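Undergrad: Mind looking over this structure? Questions follow.
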Amino acid sequence: KEHYIALDDIFYLEADGMYTKIHLTEEVITASKPLKAVLEELPEQFVRTHRSYAVNAANIAPPPKIKNNLLTLNNNCEVPISTLKKKALAAALK
């Protein structure tokens with residue numbers, strides 16, 4: 001089944017093996033593609049924060065709230081940030 005989703009409705013993406021969970025404002029949709037393939041189809045506003053996660057930079061309120069390697073999004077969800085991705089995330093959010 002195909003879904004058409006407004007980019008601003010996507011808060012974050014989560015890898016789940018060969019699938020990707022797309023976390024929206026009020027629901028979660030599972031795509032039958034790995035995270036890397038989904039990210040290749042999305043604009044640069046989607047930033048990888050972890051091997052298994054990517055966030056929609058449009059849904060991060062400035063200044064970014066990072067505590068205990070977790071990034072808090074506008075909907076108060078927390079997404080992990082790996083040590084290796086912190087610098088790239090900081091650069092993308094400037």
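Every chain in the structure tokens takes a letter, A first, then B, and so on in the order presented; its residues are numbered from 1, and the ligands are numbered from 1 following the presented order.
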Any chance you could list, as JSON, numbers by chain, the residues in chain A that come up strand (DSSP E or B) when DSSP is run on the backbone?
TA: {"A": [10, 11, 12, 13, 14, 15, 16, 19, 20, 21, 22, 23, 24, 28, 29, 30, 31, 46, 47, 48, 49, 50, 53, 54, 55, 56, 65, 66, 67, 70, 71, 72, 78, 79, 80]}
Undergrad: Taking only segment 21-94 of chain A into account, list the residues labelled alpha helix (DSSP H) by DSSP (computed from the backbone), as an MDAnalysis selection string.
TA: chainID A and resid 35:40 86:92
Undergrad: Please, could you write that set of residues out with N, CA and C atoms as a PDB file, in the first residue's frame?
TA:
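Listed below is the output, out30.pdb:
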ATOM      1  N   LEU A  35      16.789   1.744   5.946  1.00  0.00           N
ATOM      2  CA  LEU A  35      16.920   3.171   6.239  1.00  0.00           C
ATOM      3  C   LEU A  35      17.759   3.888   5.187  1.00  0.00           C
ATOM      4  N   LYS A  36      18.867   3.318   4.790  1.00  0.00           N
ATOM      5  CA  LYS A  36      19.747   3.958   3.808  1.00  0.00           C
ATOM      6  C   LYS A  36      19.001   4.250   2.510  1.00  0.00           C
ATOM      7  N   ALA A  37      18.201   3.305   2.034  1.00  0.00           N
ATOM      8  CA  ALA A  37      17.453   3.490   0.784  1.00  0.00           C
ATOM      9  C   ALA A  37      16.373   4.562   0.935  1.00  0.00           C
ATOM     10  N   VAL A  38      15.719   4.604   2.085  1.00  0.00           N
ATOM     11  CA  VAL A  38      14.693   5.630   2.325  1.00  0.00           C
ATOM     12  C   VAL A  38      15.346   7.006   2.344  1.00  0.00           C
ATOM     13  N   LEU A  39      16.485   7.132   3.022  1.00  0.00           N
ATOM     14  CA  LEU A  39      17.174   8.428   3.118  1.00  0.00           C
ATOM     15  C   LEU A  39      17.639   8.933   1.747  1.00  0.00           C
ATOM     16  N   GLU A  40      17.968   8.030   0.852  1.00  0.00           N
ATOM     17  CA  GLU A  40      18.404   8.435  -0.491  1.00  0.00           C
ATOM     18  C   GLU A  40      17.281   9.122  -1.260  1.00  0.00           C
ATOM     19  N   LYS A  86      27.609  13.222  16.276  1.00  0.00           N
ATOM     20  CA  LYS A  86      27.347  14.498  16.959  1.00  0.00           C
ATOM     21  C   LYS A  86      27.858  15.696  16.169  1.00  0.00           C
ATOM     22  N   LYS A  87      29.081  15.642  15.655  1.00  0.00           N
ATOM     23  CA  LYS A  87      29.643  16.770  14.918  1.00  0.00           C
ATOM     24  C   LYS A  87      28.856  17.032  13.636  1.00  0.00           C
ATOM     25  N   ALA A  88      28.528  15.972  12.916  1.00  0.00           N
ATOM     26  CA  ALA A  88      27.785  16.129  11.651  1.00  0.00           C
ATOM     27  C   ALA A  88      26.406  16.709  11.926  1.00  0.00           C
ATOM     28  N   LEU A  89      25.790  16.297  13.013  1.00  0.00           N
ATOM     29  CA  LEU A  89      24.470  16.822  13.376  1.00  0.00           C
ATOM     30  C   LEU A  89      24.573  18.299  13.713  1.00  0.00           C
ATOM     31  N   ALA A  90      25.562  18.660  14.498  1.00  0.00           N
ATOM     32  CA  ALA A  90      25.741  20.064  14.889  1.00  0.00           C
ATOM     33  C   ALA A  90      25.963  20.938  13.643  1.00  0.00           C
ATOM     34  N   ALA A  91      26.723  20.455  12.700  1.00  0.00           N
ATOM     35  CA  ALA A  91      26.975  21.201  11.460  1.00  0.00           C
ATOM     36  C   ALA A  91      25.708  21.335  10.626  1.00  0.00           C
ATOM     37  N   ALA A  92      24.921  20.279  10.576  1.00  0.00           N
ATOM     38  CA  ALA A  92      23.682  20.294   9.787  1.00  0.00           C
ATOM     39  C   ALA A  92      22.626  21.218  10.372  1.00  0.00           C
TER      40      ALA A  92
END
Undergrad: Can you work out the spacing between atom CA of Ala15 of chain A and atom CA of Leu70 of chain A in Å, to one decimal?
TA: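 Atom CA of Leu70 of chain A lies at a distance of 16.6 Å from atom CA of Ala15 of chain A.
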Undergrad: Can you tell me which residues surround Tyr19 of chain A at a distance of at most 6 Å, considering only C-alpha atoms, apart from same-chain residues fewer than 2 positions away, and format the answer as a PDB file with N, CA and C atoms, in the first residue's frame?
TA:
ATOM      1  N   ASP A  16      14.826  -0.910  11.088  1.00  0.00           N
ATOM      2  CA  ASP A  16      14.305  -2.140  11.683  1.00  0.00           C
ATOM      3  C   ASP A  16      14.645  -3.282  10.732  1.00  0.00           C
ATOM      4  N   GLY A  17      15.927  -3.660  10.748  1.00  0.00           N
ATOM      5  CA  GLY A  17      16.389  -4.683   9.814  1.00  0.00           C
ATOM      6  C   GLY A  17      16.323  -4.158   8.390  1.00  0.00           C
ATOM      7  N   ALA A  31       8.083   1.089   6.178  1.00  0.00           N
ATOM      8  CA  ALA A  31       8.450   1.030   4.760  1.00  0.00           C
ATOM      9  C   ALA A  31       9.245  -0.247   4.521  1.00  0.00           C
ATOM     10  N   SER A  32       9.043  -0.861   3.369  1.00  0.00           N
ATOM     11  CA  SER A  32       9.726  -2.117   3.072  1.00  0.00           C
ATOM     12  C   SER A  32      11.077  -1.880   2.397  1.00  0.00           C
ATOM     13  N   LYS A  33      11.801  -0.880   2.912  1.00  0.00           N
ATOM     14  CA  LYS A  33      13.148  -0.563   2.438  1.00  0.00           C
ATOM     15  C   LYS A  33      14.018  -0.306   3.661  1.00  0.00           C
ATOM     16  N   PRO A  34      15.320  -0.569   3.546  1.00  0.00           N
ATOM     17  CA  PRO A  34      16.213  -0.225   4.663  1.00  0.00           C
ATOM     18  C   PRO A  34      16.362   1.291   4.788  1.00  0.00           C
TER      19      PRO A  34
END
Undergrad: Just want the 12 Å neighbourhood of Pro63 of chain A, counted on only C-alpha atoms, with same-chain residues fewer than 5 positions away dropped. Output as a PyMOL selection string.
TA: chain A and resi 57+71-74+90+93-94
Undergrad: Write out, as a PDB file, in the first residue's frame, the residues just selected, with N, CA, C and O atoms.
TA:
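Everything below was put into again_35.pdb:
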ATOM      1  N   ALA A  57      15.278  17.565  10.422  1.00  0.00           N
ATOM      2  CA  ALA A  57      15.821  18.767  11.066  1.00  0.00           C
ATOM      3  C   ALA A  57      14.757  19.844  11.237  1.00  0.00           C
ATOM      4  O   ALA A  57      14.855  20.667  12.142  1.00  0.00           O
ATOM      5  N   LEU A  71      18.546  13.297  21.580  1.00  0.00           N
ATOM      6  CA  LEU A  71      18.076  14.547  21.009  1.00  0.00           C
ATOM      7  C   LEU A  71      16.567  14.607  21.186  1.00  0.00           C
ATOM      8  O   LEU A  71      15.858  13.667  20.826  1.00  0.00           O
ATOM      9  N   THR A  72      16.057  15.709  21.737  1.00  0.00           N
ATOM     10  CA  THR A  72      14.620  15.870  21.930  1.00  0.00           C
ATOM     11  C   THR A  72      14.028  16.627  20.743  1.00  0.00           C
ATOM     12  O   THR A  72      14.502  17.706  20.390  1.00  0.00           O
ATOM     13  N   LEU A  73      13.003  16.048  20.142  1.00  0.00           N
ATOM     14  CA  LEU A  73      12.329  16.659  19.000  1.00  0.00           C
ATOM     15  C   LEU A  73      11.152  17.507  19.462  1.00  0.00           C
ATOM     16  O   LEU A  73      10.788  17.485  20.637  1.00  0.00           O
ATOM     17  N   ASN A  74      10.520  18.222  18.530  1.00  0.00           N
ATOM     18  CA  ASN A  74       9.388  19.098  18.857  1.00  0.00           C
ATOM     19  C   ASN A  74       8.231  18.367  19.528  1.00  0.00           C
ATOM     20  O   ASN A  74       7.474  18.966  20.275  1.00  0.00           O
ATOM     21  N   ALA A  90      25.562  18.660  14.498  1.00  0.00           N
ATOM     22  CA  ALA A  90      25.741  20.064  14.889  1.00  0.00           C
ATOM     23  C   ALA A  90      25.963  20.938  13.643  1.00  0.00           C
ATOM     24  O   ALA A  90      25.390  22.015  13.536  1.00  0.00           O
ATOM     25  N   LEU A  93      22.659  21.404  11.682  1.00  0.00           N
ATOM     26  CA  LEU A  93      21.637  22.222  12.343  1.00  0.00           C
ATOM     27  C   LEU A  93      21.996  23.710  12.381  1.00  0.00           C
ATOM     28  O   LEU A  93      21.189  24.520  12.808  1.00  0.00           O
ATOM     29  N   LYS A  94      23.195  24.072  11.927  1.00  0.00           N
ATOM     30  CA  LYS A  94      23.594  25.491  11.931  1.00  0.00           C
ATOM     31  C   LYS A  94      23.067  26.214  10.715  1.00  0.00           C
ATOM     32  O   LYS A  94      22.725  25.725   9.738  1.00  0.00           O
TER      33      LYS A  94
END
Undergrad: My list of candidates is A:Thr20, A:Asn76, A:Ser82, A:Asn68. Which is closest to His50 of chain A when distances are computed with only C-alpha atoms?
TA: A:Ser82
Undergrad: One decimal, Å: what's the distance from atom CA of Lys67 of chain A over to atom CA of Leu13 of chain A, could you say?
TA: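 Taking atom CA of Lys67 of chain A and atom CA of Leu13 of chain A, their separation equals 19.7 Å.
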Undergrad: In Å, how far is it from atom CA of Val28 of chain A to atom CA of Leu84 of chain A?
TA: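 Rounded to one decimal, the two atoms are 26.9 Å apart.
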